[in-house]
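Next comes start00.cif, a file with mmCIF, C-alpha atoms and all ligand atoms.
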data_coords
#
loop_
_atom_site.group_PDB
_atom_site.id
_atom_site.type_symbol
_atom_site.label_atom_id
_atom_site.label_comp_id
_atom_site.auth_asym_id
_atom_site.auth_seq_id
_atom_site.Cartn_x
_atom_site.Cartn_y
_atom_site.Cartn_z
ATOM 1 C CA MET A 1 199.219 100.001 268.532
ATOM 2 C CA ARG A 2 195.740 99.414 267.313
ATOM 3 C CA ARG A 3 193.334 101.464 269.209
ATOM 4 C CA THR A 4 189.675 100.952 269.162
ATOM 5 C CA LEU A 5 188.439 103.959 267.380
ATOM 6 C CA ILE A 6 185.106 105.338 268.208
ATOM 7 C CA ALA A 7 183.372 104.953 264.921
ATOM 8 C CA SER A 8 182.122 108.253 263.763
ATOM 9 C CA ILE A 9 178.542 109.170 264.277
ATOM 10 C CA ALA A 10 176.783 110.238 261.206
ATOM 11 C CA LEU A 11 175.050 113.522 261.530
ATOM 12 C CA ALA A 12 172.191 114.060 259.186
ATOM 13 C CA LEU A 13 171.744 117.763 259.114
ATOM 14 C CA ALA A 14 168.125 118.101 258.302
ATOM 15 C CA ALA A 15 168.609 121.560 259.777
ATOM 16 C CA THR A 16 170.264 122.928 256.697
ATOM 17 C CA LEU A 17 168.295 120.833 254.281
ATOM 18 C CA ALA A 18 164.744 121.126 255.437
ATOM 19 C CA ALA A 19 162.003 121.317 252.911
ATOM 20 C CA PRO A 20 160.283 124.681 252.827
ATOM 21 C CA ALA A 21 156.703 123.622 253.396
ATOM 22 C CA SER A 22 158.002 121.801 256.444
ATOM 23 C CA ALA A 23 155.733 118.840 256.879
ATOM 24 C CA HIS A 24 156.985 116.215 259.299
ATOM 25 C CA GLN A 25 160.526 115.493 258.167
ATOM 26 C CA PRO A 26 160.759 111.973 256.815
ATOM 27 C CA VAL A 27 163.102 109.441 258.390
ATOM 28 C CA PHE A 28 163.140 106.024 256.748
ATOM 29 C CA LEU A 29 164.030 103.133 259.009
ATOM 30 C CA LEU A 30 166.393 100.584 257.497
ATOM 31 C CA PRO A 31 166.046 96.797 257.665
ATOM 32 C CA THR A 32 169.104 96.901 259.943
ATOM 33 C CA ASP A 33 167.366 99.228 262.431
ATOM 34 C CA THR A 34 166.133 96.237 264.404
ATOM 35 C CA THR A 35 166.847 97.606 267.895
ATOM 36 C CA PRO A 36 166.546 101.134 269.287
ATOM 37 C CA ASN A 37 170.313 101.367 269.544
ATOM 38 C CA ALA A 38 170.796 100.313 265.938
ATOM 39 C CA GLY A 39 168.191 102.753 264.733
ATOM 40 C CA PRO A 40 168.384 106.518 264.363
ATOM 41 C CA LEU A 41 168.197 108.976 267.234
ATOM 42 C CA LEU A 42 165.978 112.030 266.934
ATOM 43 C CA VAL A 43 168.088 114.556 268.787
ATOM 44 C CA ASP A 44 165.068 116.627 269.814
ATOM 45 C CA GLY A 45 161.912 114.570 270.185
ATOM 46 C CA THR A 46 159.717 117.675 270.140
ATOM 47 C CA VAL A 47 160.641 118.440 266.516
ATOM 48 C CA SER A 48 158.179 116.935 264.074
ATOM 49 C CA PHE A 49 159.437 113.847 262.317
ATOM 50 C CA ALA A 50 157.638 111.199 260.282
ATOM 51 C CA ILE A 51 159.335 107.869 260.856
ATOM 52 C CA ARG A 52 158.573 105.342 258.147
ATOM 53 C CA ALA A 53 158.810 101.657 259.019
ATOM 54 C CA SER A 54 158.071 99.028 256.417
ATOM 55 C CA PHE A 55 157.844 95.307 256.787
ATOM 56 C CA THR A 56 157.627 92.499 254.273
ATOM 57 C CA LYS A 57 156.228 89.872 256.641
ATOM 58 C CA SER A 58 155.256 89.127 260.225
ATOM 59 C CA GLY A 59 157.824 89.103 263.032
ATOM 60 C CA GLN A 60 160.150 91.827 261.774
ATOM 61 C CA LYS A 61 161.282 94.711 263.987
ATOM 62 C CA GLN A 62 162.268 98.281 263.267
ATOM 63 C CA ALA A 63 163.259 100.742 265.965
ATOM 64 C CA PHE A 64 164.525 104.213 266.751
ATOM 65 C CA ARG A 65 165.084 106.593 269.658
ATOM 66 C CA ALA A 66 164.068 110.132 270.534
ATOM 67 C CA ALA A 67 165.586 112.407 273.172
ATOM 68 C CA LEU A 68 163.352 114.561 275.323
ATOM 69 C CA LYS A 69 163.991 117.000 278.115
ATOM 70 C CA GLU A 70 162.293 117.811 281.392
ATOM 71 C CA GLY A 71 159.221 119.924 280.609
ATOM 72 C CA ASP A 72 158.839 118.608 277.038
ATOM 73 C CA ILE A 73 155.729 116.853 275.821
ATOM 74 C CA LEU A 74 156.051 113.488 274.109
ATOM 75 C CA GLU A 75 153.663 113.434 271.179
ATOM 76 C CA VAL A 76 153.340 110.328 269.070
ATOM 77 C CA GLN A 77 150.865 109.468 266.343
ATOM 78 C CA TYR A 78 150.492 106.190 264.523
ATOM 79 C CA LEU A 79 149.434 106.467 260.894
ATOM 80 C CA ILE A 80 149.053 104.291 257.860
ATOM 81 C CA ILE A 81 148.565 105.335 254.274
ATOM 82 C CA ASP A 82 144.928 105.023 253.254
ATOM 83 C CA LYS A 83 145.552 102.225 250.784
ATOM 84 C CA LYS A 84 146.060 98.499 250.644
ATOM 85 C CA PRO A 85 147.523 96.379 252.066
ATOM 86 C CA GLU A 86 147.576 98.382 255.316
ATOM 87 C CA LYS A 87 144.057 99.791 255.201
ATOM 88 C CA ALA A 88 142.630 96.313 254.666
ATOM 89 C CA LEU A 89 144.436 94.907 257.699
ATOM 90 C CA LYS A 90 142.682 94.375 261.002
ATOM 91 C CA ASN A 91 144.256 96.244 263.903
ATOM 92 C CA THR A 92 145.581 92.956 265.239
ATOM 93 C CA LYS A 93 147.572 92.502 262.026
ATOM 94 C CA LEU A 94 149.109 95.970 261.969
ATOM 95 C CA PRO A 95 152.601 96.452 263.385
ATOM 96 C CA GLN A 96 152.610 96.873 267.136
ATOM 97 C CA LEU A 97 154.388 99.938 268.475
ATOM 98 C CA VAL A 98 155.937 99.726 271.937
ATOM 99 C CA ILE A 99 157.428 102.857 273.474
ATOM 100 C CA THR A 100 159.782 102.560 276.432
ATOM 101 C CA SER A 101 160.404 105.687 278.500
ATOM 102 C CA PRO A 102 163.827 106.665 279.874
ATOM 103 C CA LEU A 103 162.744 105.275 283.259
ATOM 104 C CA GLY A 104 161.747 101.989 281.655
ATOM 105 C CA LYS A 105 157.964 102.376 281.520
ATOM 106 C CA LYS A 106 156.503 100.508 278.555
ATOM 107 C CA PHE A 107 153.502 101.664 276.597
ATOM 108 C CA THR A 108 151.859 99.948 273.640
ATOM 109 C CA MET A 109 150.182 102.291 271.163
ATOM 110 C CA LYS A 110 146.434 101.717 271.169
ATOM 111 C CA PHE A 111 144.449 101.878 267.969
ATOM 112 C CA THR A 112 141.403 103.971 268.760
ATOM 113 C CA GLU A 113 140.454 105.603 265.485
ATOM 114 C CA ARG A 114 140.677 105.545 261.704
ATOM 115 C CA THR A 115 140.597 109.244 260.957
ATOM 116 C CA LYS A 116 141.464 110.424 257.452
ATOM 117 C CA PHE A 117 144.174 113.023 257.099
ATOM 118 C CA LEU A 118 145.399 114.544 253.840
ATOM 119 C CA GLU A 119 149.092 115.289 254.007
ATOM 120 C CA GLU A 120 149.204 118.345 251.753
ATOM 121 C CA TYR A 121 152.874 118.289 251.012
ATOM 122 C CA SER A 122 152.930 114.860 249.405
ATOM 123 C CA ARG A 123 149.185 114.877 248.608
ATOM 124 C CA THR A 124 148.914 111.552 250.412
ATOM 125 C CA MET A 125 145.834 110.416 252.316
ATOM 126 C CA TYR A 126 146.695 108.906 255.680
ATOM 127 C CA LEU A 127 144.650 107.317 258.437
ATOM 128 C CA TYR A 128 145.315 108.122 262.077
ATOM 129 C CA LEU A 129 145.045 104.960 264.146
ATOM 130 C CA GLY A 130 146.258 106.194 267.490
ATOM 131 C CA ARG A 131 147.662 109.227 269.249
ATOM 132 C CA TYR A 132 149.609 109.588 272.458
ATOM 133 C CA SER A 133 150.566 112.714 274.285
ATOM 134 C CA ALA A 134 152.058 113.042 277.764
ATOM 135 C CA PRO A 135 154.612 115.060 279.720
ATOM 136 C CA ALA A 136 158.006 113.614 278.885
ATOM 137 C CA GLU A 137 160.567 112.075 281.178
ATOM 138 C CA ALA A 138 164.025 113.452 280.531
ATOM 139 C CA GLY A 139 166.202 111.145 278.477
ATOM 140 C CA ILE A 140 165.954 108.737 275.596
ATOM 141 C CA TYR A 141 162.675 107.151 274.593
ATOM 142 C CA GLN A 142 162.856 103.898 272.671
ATOM 143 C CA PHE A 143 160.366 102.980 269.955
ATOM 144 C CA VAL A 144 160.061 99.433 268.641
ATOM 145 C CA ALA A 145 157.607 98.433 265.908
ATOM 146 C CA THR A 146 156.976 94.718 265.395
ATOM 147 C CA SER A 147 155.156 93.524 262.306
ATOM 148 C CA ARG A 148 152.335 91.021 262.206
ATOM 149 C CA ALA A 149 151.913 91.058 258.431
ATOM 150 C CA ARG A 150 153.292 92.868 255.409
ATOM 151 C CA ALA A 151 152.688 96.550 256.098
ATOM 152 C CA ALA A 152 154.209 100.004 256.217
ATOM 153 C CA ILE A 153 153.464 102.542 258.911
ATOM 154 C CA THR A 154 154.328 106.113 259.757
ATOM 155 C CA ILE A 155 155.098 107.100 263.321
ATOM 156 C CA ALA A 156 154.830 110.848 263.723
ATOM 157 C CA VAL A 157 156.845 112.187 266.635
ATOM 158 C CA GLY A 158 156.993 115.760 267.869
ATOM 159 C CA TYR A 159 155.074 118.899 267.078
ATOM 160 C CA GLN A 160 157.518 121.709 266.370
ATOM 161 C CA GLU A 161 157.607 122.468 262.661
ATOM 162 C CA ILE A 162 161.278 123.365 262.713
ATOM 163 C CA PRO A 163 164.292 121.595 261.222
ATOM 164 C CA GLY A 164 165.639 118.795 263.371
ATOM 165 C CA GLN A 165 168.657 116.534 263.578
ATOM 166 C CA VAL A 166 168.891 112.794 263.213
ATOM 167 C CA LEU A 167 171.928 110.912 264.431
ATOM 168 C CA ARG A 168 172.966 107.534 263.164
ATOM 169 C CA GLY A 169 175.854 105.544 264.472
ATOM 170 C CA PRO A 170 177.009 103.125 267.124
ATOM 171 C CA ALA A 171 174.840 103.498 270.167
ATOM 172 C CA SER A 172 177.754 103.026 272.515
ATOM 173 C CA THR A 173 178.910 106.510 271.599
ATOM 174 C CA PRO A 174 176.877 109.103 273.445
ATOM 175 C CA PRO A 175 175.710 111.750 271.017
ATOM 176 C CA MET A 176 176.592 114.367 273.604
ATOM 177 C CA ALA A 177 180.246 113.545 273.059
ATOM 178 C CA GLN A 178 179.996 114.364 269.398
ATOM 179 C CA PRO A 179 180.575 117.768 267.908
ATOM 180 C CA THR A 180 177.339 119.228 266.756
ATOM 181 C CA PRO A 181 176.619 122.572 265.181
ATOM 182 C CA THR A 182 173.722 123.251 267.510
ATOM 183 C CA PRO A 183 174.689 121.927 270.939
ATOM 184 C CA ALA A 184 171.615 123.502 272.471
ATOM 185 C CA ALA A 185 169.485 120.998 270.608
ATOM 186 C CA VAL A 186 171.020 118.035 272.400
ATOM 187 C CA ALA A 187 169.229 116.947 275.518
ATOM 188 C CA PRO A 188 171.455 117.610 278.532
ATOM 189 C CA THR A 189 170.336 114.337 279.994
ATOM 190 C CA PRO A 190 171.480 110.802 280.659
ATOM 191 C CA LYS A 191 173.454 108.459 278.504
ATOM 192 C CA PRO A 192 171.456 107.444 275.446
ATOM 193 C CA SER A 193 171.545 103.734 276.010
ATOM 194 C CA PRO A 194 171.347 101.978 279.344
ATOM 195 C CA THR A 195 172.623 98.777 277.756
ATOM 196 C CA PRO A 196 175.021 99.665 274.987
ATOM 197 C CA GLU A 197 175.438 96.942 272.440
ATOM 198 C CA PRO A 198 178.085 96.771 269.775
ATOM 199 C CA GLU A 199 176.173 97.574 266.623
ATOM 200 C CA MET A 200 178.879 97.419 264.023
ATOM 201 C CA THR A 201 180.723 94.202 263.428
ATOM 202 C CA THR A 202 183.894 96.075 262.637
ATOM 203 C CA GLN A 203 185.344 99.409 263.569
ATOM 204 C CA ALA A 204 186.656 100.067 260.074
ATOM 205 C CA GLY A 205 183.604 102.127 259.224
ATOM 206 C CA TYR A 206 181.930 102.421 255.860
ATOM 207 C CA THR A 207 184.690 101.681 253.376
ATOM 208 C CA MET A 208 184.434 101.713 249.583
ATOM 209 C CA ALA A 209 184.988 97.943 249.712
ATOM 210 C CA LYS A 210 181.812 97.570 251.772
ATOM 211 C CA VAL A 211 179.911 99.879 249.493
ATOM 212 C CA LYS A 212 180.922 97.690 246.548
ATOM 213 C CA GLU A 213 179.601 94.611 248.358
ATOM 214 C CA ASN A 214 176.178 96.255 248.640
ATOM 215 C CA ASN A 215 175.645 96.680 244.944
ATOM 216 C CA SER A 216 172.201 95.180 244.400
ATOM 217 C CA ALA A 217 168.560 96.104 244.849
ATOM 218 C CA ALA A 218 168.493 93.705 247.813
ATOM 219 C CA SER A 219 171.152 95.775 249.547
ATOM 220 C CA CYS A 220 172.003 99.054 247.901
ATOM 221 C CA TRP A 221 174.653 101.355 249.336
ATOM 222 C CA SER A 222 176.008 104.379 247.546
ATOM 223 C CA VAL A 223 178.537 107.124 248.178
ATOM 224 C CA ILE A 224 177.304 110.661 247.647
ATOM 225 C CA ASN A 225 179.473 113.656 248.470
ATOM 226 C CA GLY A 226 181.730 111.628 250.780
ATOM 227 C CA ASN A 227 178.945 109.981 252.778
ATOM 228 C CA VAL A 228 177.610 106.435 252.541
ATOM 229 C CA TYR A 229 173.867 105.909 252.178
ATOM 230 C CA ASN A 230 171.716 102.800 252.300
ATOM 231 C CA LEU A 231 169.244 103.397 249.471
ATOM 232 C CA THR A 232 167.629 99.940 249.514
ATOM 233 C CA GLN A 233 164.289 101.201 250.782
ATOM 234 C CA TRP A 234 164.309 104.175 248.433
ATOM 235 C CA ILE A 235 164.614 102.229 245.179
ATOM 236 C CA ASN A 236 160.902 101.615 244.796
ATOM 237 C CA SER A 237 159.841 104.938 246.330
ATOM 238 C CA HIS A 238 161.843 107.271 244.107
ATOM 239 C CA PRO A 239 159.552 109.592 242.121
ATOM 240 C CA GLY A 240 162.089 109.569 239.291
ATOM 241 C CA GLY A 241 161.879 105.766 238.989
ATOM 242 C CA PRO A 242 163.723 102.812 240.512
ATOM 243 C CA SER A 243 166.295 102.315 237.790
ATOM 244 C CA VAL A 244 168.283 105.473 238.487
ATOM 245 C CA ILE A 245 168.622 104.523 242.138
ATOM 246 C CA ARG A 246 169.594 100.956 241.236
ATOM 247 C CA GLY A 247 172.313 102.513 239.103
ATOM 248 C CA LEU A 248 173.808 104.071 242.236
ATOM 249 C CA CYS A 249 174.093 100.773 244.147
ATOM 250 C CA GLY A 250 177.680 99.855 245.009
ATOM 251 C CA VAL A 251 179.251 102.904 243.372
ATOM 252 C CA ASP A 252 180.075 106.540 244.013
ATOM 253 C CA GLY A 253 176.884 108.245 242.885
ATOM 254 C CA THR A 254 178.020 111.794 243.619
ATOM 255 C CA SER A 255 178.045 113.124 240.090
ATOM 256 C CA THR A 256 174.811 111.352 239.131
ATOM 257 C CA PHE A 257 172.968 112.661 242.174
ATOM 258 C CA ASN A 258 174.399 116.173 241.954
ATOM 259 C CA GLY A 259 173.763 116.239 238.228
ATOM 260 C CA LYS A 260 170.059 115.847 238.860
ATOM 261 C CA HIS A 261 169.334 117.105 242.347
ATOM 262 C CA ARG A 262 172.124 119.407 243.546
ATOM 263 C CA GLY A 263 170.658 122.157 245.721
ATOM 264 C CA GLN A 264 167.137 120.689 245.756
ATOM 265 C CA SER A 265 165.878 120.539 249.319
ATOM 266 C CA ASN A 266 163.501 117.602 249.009
ATOM 267 C CA PRO A 267 165.927 115.140 247.399
ATOM 268 C CA THR A 268 168.701 116.316 249.723
ATOM 269 C CA SER A 269 166.680 115.853 252.899
ATOM 270 C CA THR A 270 165.375 112.503 251.663
ATOM 271 C CA LEU A 271 168.945 111.448 251.037
ATOM 272 C CA ALA A 272 169.942 112.558 254.551
ATOM 273 C CA SER A 273 167.408 110.179 256.052
ATOM 274 C CA TYR A 274 169.285 107.213 254.540
ATOM 275 C CA LEU A 275 172.683 108.214 255.879
ATOM 276 C CA LEU A 276 174.853 105.435 257.264
ATOM 277 C CA GLY A 277 177.978 107.512 257.894
ATOM 278 C CA PRO A 278 180.994 109.108 256.329
ATOM 279 C CA LEU A 279 182.991 107.126 253.785
ATOM 280 C CA ALA A 280 185.981 105.655 255.600
ATOM 281 C CA LYS A 281 189.273 106.273 253.879
HETATM 282 C C1 LIG B 1 169.736 108.808 246.415
HETATM 283 C C2 LIG B 1 169.557 109.553 245.414
HETATM 284 C C3 LIG B 1 168.277 110.285 245.125
HETATM 285 C C4 LIG B 1 167.330 110.782 245.968
HETATM 286 C C5 LIG B 1 167.315 110.732 247.489
HETATM 287 C C6 LIG B 1 166.311 111.368 245.133
HETATM 288 C C7 LIG B 1 165.183 111.980 245.624
HETATM 289 C C8 LIG B 1 164.185 112.491 244.839
HETATM 290 C C9 LIG B 1 163.012 113.157 245.338
HETATM 291 C C10 LIG B 1 162.679 113.401 246.804
HETATM 292 C C11 LIG B 1 162.276 113.497 244.279
HETATM 293 C C12 LIG B 1 160.943 114.253 244.302
HETATM 294 C C13 LIG B 1 161.214 115.673 243.924
HETATM 295 C C14 LIG B 1 160.603 116.663 244.860
HETATM 296 O O1 LIG B 1 159.611 116.358 245.531
HETATM 297 O O2 LIG B 1 161.163 117.757 244.971
HETATM 298 C C15 LIG B 1 162.955 113.045 243.105
HETATM 299 C C16 LIG B 1 162.490 113.202 241.825
HETATM 300 C C17 LIG B 1 163.186 112.835 240.699
HETATM 301 N N1 LIG B 1 164.454 112.318 240.671
HETATM 302 FE FE1 LIG B 1 165.549 111.783 242.245
HETATM 303 N N2 LIG B 1 166.653 111.222 243.827
HETATM 304 C C18 LIG B 1 167.862 110.590 243.790
HETATM 305 C C19 LIG B 1 168.583 110.276 242.675
HETATM 306 C C20 LIG B 1 168.212 110.559 241.398
HETATM 307 C C21 LIG B 1 168.996 110.323 240.235
HETATM 308 C C22 LIG B 1 170.394 109.719 240.255
HETATM 309 C C23 LIG B 1 168.270 110.731 239.168
HETATM 310 C C24 LIG B 1 168.631 110.741 237.704
HETATM 311 C C25 LIG B 1 169.835 110.724 237.258
HETATM 312 C C26 LIG B 1 167.008 111.204 239.655
HETATM 313 C C27 LIG B 1 165.980 111.665 238.886
HETATM 314 C C28 LIG B 1 164.796 112.135 239.353
HETATM 315 C C29 LIG B 1 163.698 112.543 238.502
HETATM 316 C C30 LIG B 1 163.653 112.480 237.002
HETATM 317 C C31 LIG B 1 162.688 112.962 239.357
HETATM 318 C C32 LIG B 1 161.287 113.395 238.972
HETATM 319 C C33 LIG B 1 160.963 114.796 238.864
HETATM 320 C C34 LIG B 1 162.036 115.824 239.014
HETATM 321 O O3 LIG B 1 162.747 116.125 238.053
HETATM 322 O O4 LIG B 1 162.192 116.362 240.141
HETATM 323 N N3 LIG B 1 167.004 111.101 241.034
HETATM 324 N N4 LIG B 1 164.117 112.438 243.481
#
For this file, produce the structure as structure tokens.
Amino acid sequence: MRRTLIASIALALAATLAAPASAHQPVFLLPTDTTPNAGPLLVDGTVSFAIRASFTKSGQKQAFRAALKEGDILEVQYLIIDKKPEKALKNTKLPQLVITSPLGKKFTMKFTERTKFLEEYSRTMYLYLGRYSAPAEAGIYQFVATSRARAAITIAVGYQEIPGQVLRGPASTPPMAQPTPTPAAVAPTPKPSPTPEPEMTTQAGYTMAKVKENNSAASCWSVINGNVYNLTQWINSHPGGPSVIRGLCGVDGTSTFNGKHRGQSNPTSTLASYLLGPLAK
């Protein structure tokens, strides 16, 4: 009998991989993260994360979720890097960020400033455009960014400079049902998605056959240490150059990655932010 298997949730353990000088931990949204349920879930929305969304043209969406508990504060900042094209864009052309609370209240991030901020860790100059801080409702907040031109933005969430967890996987599976090494970090609150949608077209998971299909710079998946990663967005961001990442597309890149970066916290935590899920056998 074929049973519908609950596809496994990928658990990116930033906890064990965090960079020492703990700036906001980066999470890179994927082109497929078009709805909150498709996007990653920040298991504790008070932990500081820097969510990177990048768009090639107007009308694209990227989304994610963050869980908060009663008594928490929701802190969100909207930043862009202080360079073109973003810095040259009028506010009306920058991606719009809409946050929906667990009780369904919608809030659009207002752009009220252009304050410079040097991020020491990456030596990158950012501009703050807006900040939001309010007592949190318990449950899952949804964040949806919609582009109005080519642009990349950073959405900083949380304030605790401690390692955090990011879950990726089918939204229909409550994260609470998953084994997690630090159960205390999971919000003891409602189901993550009021309207679960099937996010994966198949339950087979991330097979080697699928990895092989995504073997180009346009869609670049790779297997590293038994997990499947979507490295498409990383190709042109890699400090060691795009060609080595392109070389990982569609193949098992374990030995190549480990040969260069084994045990290095920054590459390992960057890699974790691109996790799709475990390689299906
Ligand atoms: C998905 C796979 C990879 C990720 C996520 C990744 C990530 C990174 C990161 C974050 C850095 C900056 C170093 C730091 O700040 O500590 C870096 C640098 C670098 N990477 Fe990678 N990398 C990957 C694969 C590779 C591969 C396969 C090679 C070569 C075989 C490579 C070669 C380099 C080189 C040469 C640098 C520049 C400086 C250095 O040696 O650290 N990377 N990478």
At a cut-off of 10 Å around ligand LIG 1 (chain B), and using all atoms listed in the file, what residues come up? Please write them as a PDB file with C-alpha atoms, in the coordinates of the input.
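part-v1.pdb written:
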ATOM      1  CA  ALA A  19     162.003 121.317 252.911  1.00  0.00           C
ATOM      2  CA  TYR A 121     152.874 118.289 251.012  1.00  0.00           C
ATOM      3  CA  SER A 122     152.930 114.860 249.405  1.00  0.00           C
ATOM      4  CA  TRP A 221     174.653 101.355 249.336  1.00  0.00           C
ATOM      5  CA  SER A 222     176.008 104.379 247.546  1.00  0.00           C
ATOM      6  CA  VAL A 223     178.537 107.124 248.178  1.00  0.00           C
ATOM      7  CA  ILE A 224     177.304 110.661 247.647  1.00  0.00           C
ATOM      8  CA  TYR A 229     173.867 105.909 252.178  1.00  0.00           C
ATOM      9  CA  ASN A 230     171.716 102.800 252.300  1.00  0.00           C
ATOM     10  CA  LEU A 231     169.244 103.397 249.471  1.00  0.00           C
ATOM     11  CA  THR A 232     167.629  99.940 249.514  1.00  0.00           C
ATOM     12  CA  TRP A 234     164.309 104.175 248.433  1.00  0.00           C
ATOM     13  CA  ILE A 235     164.614 102.229 245.179  1.00  0.00           C
ATOM     14  CA  SER A 237     159.841 104.938 246.330  1.00  0.00           C
ATOM     15  CA  HIS A 238     161.843 107.271 244.107  1.00  0.00           C
ATOM     16  CA  PRO A 239     159.552 109.592 242.121  1.00  0.00           C
ATOM     17  CA  GLY A 240     162.089 109.569 239.291  1.00  0.00           C
ATOM     18  CA  GLY A 241     161.879 105.766 238.989  1.00  0.00           C
ATOM     19  CA  PRO A 242     163.723 102.812 240.512  1.00  0.00           C
ATOM     20  CA  SER A 243     166.295 102.315 237.790  1.00  0.00           C
ATOM     21  CA  VAL A 244     168.283 105.473 238.487  1.00  0.00           C
ATOM     22  CA  ILE A 245     168.622 104.523 242.138  1.00  0.00           C
ATOM     23  CA  ARG A 246     169.594 100.956 241.236  1.00  0.00           C
ATOM     24  CA  GLY A 247     172.313 102.513 239.103  1.00  0.00           C
ATOM     25  CA  LEU A 248     173.808 104.071 242.236  1.00  0.00           C
ATOM     26  CA  CYS A 249     174.093 100.773 244.147  1.00  0.00           C
ATOM     27  CA  GLY A 253     176.884 108.245 242.885  1.00  0.00           C
ATOM     28  CA  THR A 254     178.020 111.794 243.619  1.00  0.00           C
ATOM     29  CA  SER A 255     178.045 113.124 240.090  1.00  0.00           C
ATOM     30  CA  THR A 256     174.811 111.352 239.131  1.00  0.00           C
ATOM     31  CA  PHE A 257     172.968 112.661 242.174  1.00  0.00           C
ATOM     32  CA  ASN A 258     174.399 116.173 241.954  1.00  0.00           C
ATOM     33  CA  GLY A 259     173.763 116.239 238.228  1.00  0.00           C
ATOM     34  CA  LYS A 260     170.059 115.847 238.860  1.00  0.00           C
ATOM     35  CA  HIS A 261     169.334 117.105 242.347  1.00  0.00           C
ATOM     36  CA  ARG A 262     172.124 119.407 243.546  1.00  0.00           C
ATOM     37  CA  GLN A 264     167.137 120.689 245.756  1.00  0.00           C
ATOM     38  CA  SER A 265     165.878 120.539 249.319  1.00  0.00           C
ATOM     39  CA  ASN A 266     163.501 117.602 249.009  1.00  0.00           C
ATOM     40  CA  PRO A 267     165.927 115.140 247.399  1.00  0.00           C
ATOM     41  CA  THR A 268     168.701 116.316 249.723  1.00  0.00           C
ATOM     42  CA  SER A 269     166.680 115.853 252.899  1.00  0.00           C
ATOM     43  CA  THR A 270     165.375 112.503 251.663  1.00  0.00           C
ATOM     44  CA  LEU A 271     168.945 111.448 251.037  1.00  0.00           C
ATOM     45  CA  ALA A 272     169.942 112.558 254.551  1.00  0.00           C
ATOM     46  CA  SER A 273     167.408 110.179 256.052  1.00  0.00           C
ATOM     47  CA  TYR A 274     169.285 107.213 254.540  1.00  0.00           C
ATOM     48  CA  LEU A 275     172.683 108.214 255.879  1.00  0.00           C
TER      49      LEU A 275
END
Find the residues around Glu75 (chain A) up to 8 Å (all atoms listed in the file counted), leave out those fewer than 2 positions away in its own chain, and share them as an mmCIF file with C-alpha atoms, in the coordinates of the input.
data_model
loop_
_atom_site.group_PDB
_atom_site.id
_atom_site.type_symbol
_atom_site.label_atom_id
_atom_site.label_comp_id
_atom_site.auth_asym_id
_atom_site.auth_seq_id
_atom_site.Cartn_x
_atom_site.Cartn_y
_atom_site.Cartn_z
ATOM 1 C CA THR A 46 159.717 117.675 270.140
ATOM 2 C CA ILE A 73 155.729 116.853 275.821
ATOM 3 C CA GLN A 77 150.865 109.468 266.343
ATOM 4 C CA ARG A 131 147.662 109.227 269.249
ATOM 5 C CA TYR A 132 149.609 109.588 272.458
ATOM 6 C CA SER A 133 150.566 112.714 274.285
ATOM 7 C CA ALA A 134 152.058 113.042 277.764
ATOM 8 C CA ALA A 156 154.830 110.848 263.723
ATOM 9 C CA VAL A 157 156.845 112.187 266.635
ATOM 10 C CA GLY A 158 156.993 115.760 267.869
ATOM 11 C CA TYR A 159 155.074 118.899 267.078
#
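Interatomic distance, CA of Ala53 (chain A) against CA of Thr154 (chain A): 6.4 Å.
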**Message:** Taking only C-alpha atoms into account, name the residue in A:Asp33, A:Asp82, A:Glu161, A:Glu113 that is nearest to Gln62 (chain A).
**Reply:**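 Closest residue, counting only C-alpha atoms: A:Asp33.
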**Message:** Let me make sure I understand: among A:Gly130, A:Gly250, A:Pro278, A:Gly226, which one has the smallest atom-to-atom distance to Asn91 (chain A) if we use only C-alpha atoms?
**Reply:**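 Looking only at the distances to Asn91 (chain A), the closest residue turns out to be A:Gly130.
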**Request:** Provide the CA of Val47 (chain A) to CA of Ile162 (chain A) distance in Å, to one decimal place.
**Result:** 6.3 Å
**Request:** Name the closest residue to Gly205 (chain A) among the candidates A:Pro26, A:Pro163, A:Gly277, A:Gly104; distances are taken between atoms, counting all atoms listed in the file.
**Result:** A:Gly277
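Reported to one decimal place, the separation of CA of Ile81 (chain A) from CA of Leu118 (chain A) is 9.7 Å.
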**Asked** Which is closer to Ile99 (chain A) than all the others in A:Gln165, A:Thr146, A:Gln25, A:Ser58, using only C-alpha atoms?
**Response**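 For Ile99 (chain A), the nearest of the given residues is A:Thr146.
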Result set, the PyMOL selection byres (((chain A and resi 56) around 7) and not hetatm) on current file, as an mmCIF file with C-alpha atoms, in the frame of the given file:
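This is the output file result.cif:
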data_model
loop_
_atom_site.group_PDB
_atom_site.id
_atom_site.type_symbol
_atom_site.label_atom_id
_atom_site.label_comp_id
_atom_site.auth_asym_id
_atom_site.auth_seq_id
_atom_site.Cartn_x
_atom_site.Cartn_y
_atom_site.Cartn_z
ATOM 1 C CA SER A 54 158.071 99.028 256.417
ATOM 2 C CA PHE A 55 157.844 95.307 256.787
ATOM 3 C CA LYS A 57 156.228 89.872 256.641
ATOM 4 C CA ARG A 150 153.292 92.868 255.409
ATOM 5 C CA ALA A 151 152.688 96.550 256.098
#
**Message:** Calculated over all atoms listed in the file, which of the candidates A:Asn215, A:Val144, A:Val27, A:Arg168 has the smallest distance to Met109 (chain A)?
**Reply:** A:Val144
**Message:** Take the PyMOL selection byres (((chain A and resi 101) around 12) and not hetatm), run it mentally on this structure, and tell me the resulting residues as a PyMOL selection string.
**Reply:** chain A and resi 36+65-69+74+98-100+102-108+134-144+192-194
**Request:** Carefully work through the PyMOL selection byres (((chain A and resi 41) around 6) and not hetatm) for this structure and note down the residues it includes, as number ranges by chain.
**Result:** A: 40, 42-43, 65-66, 166-167
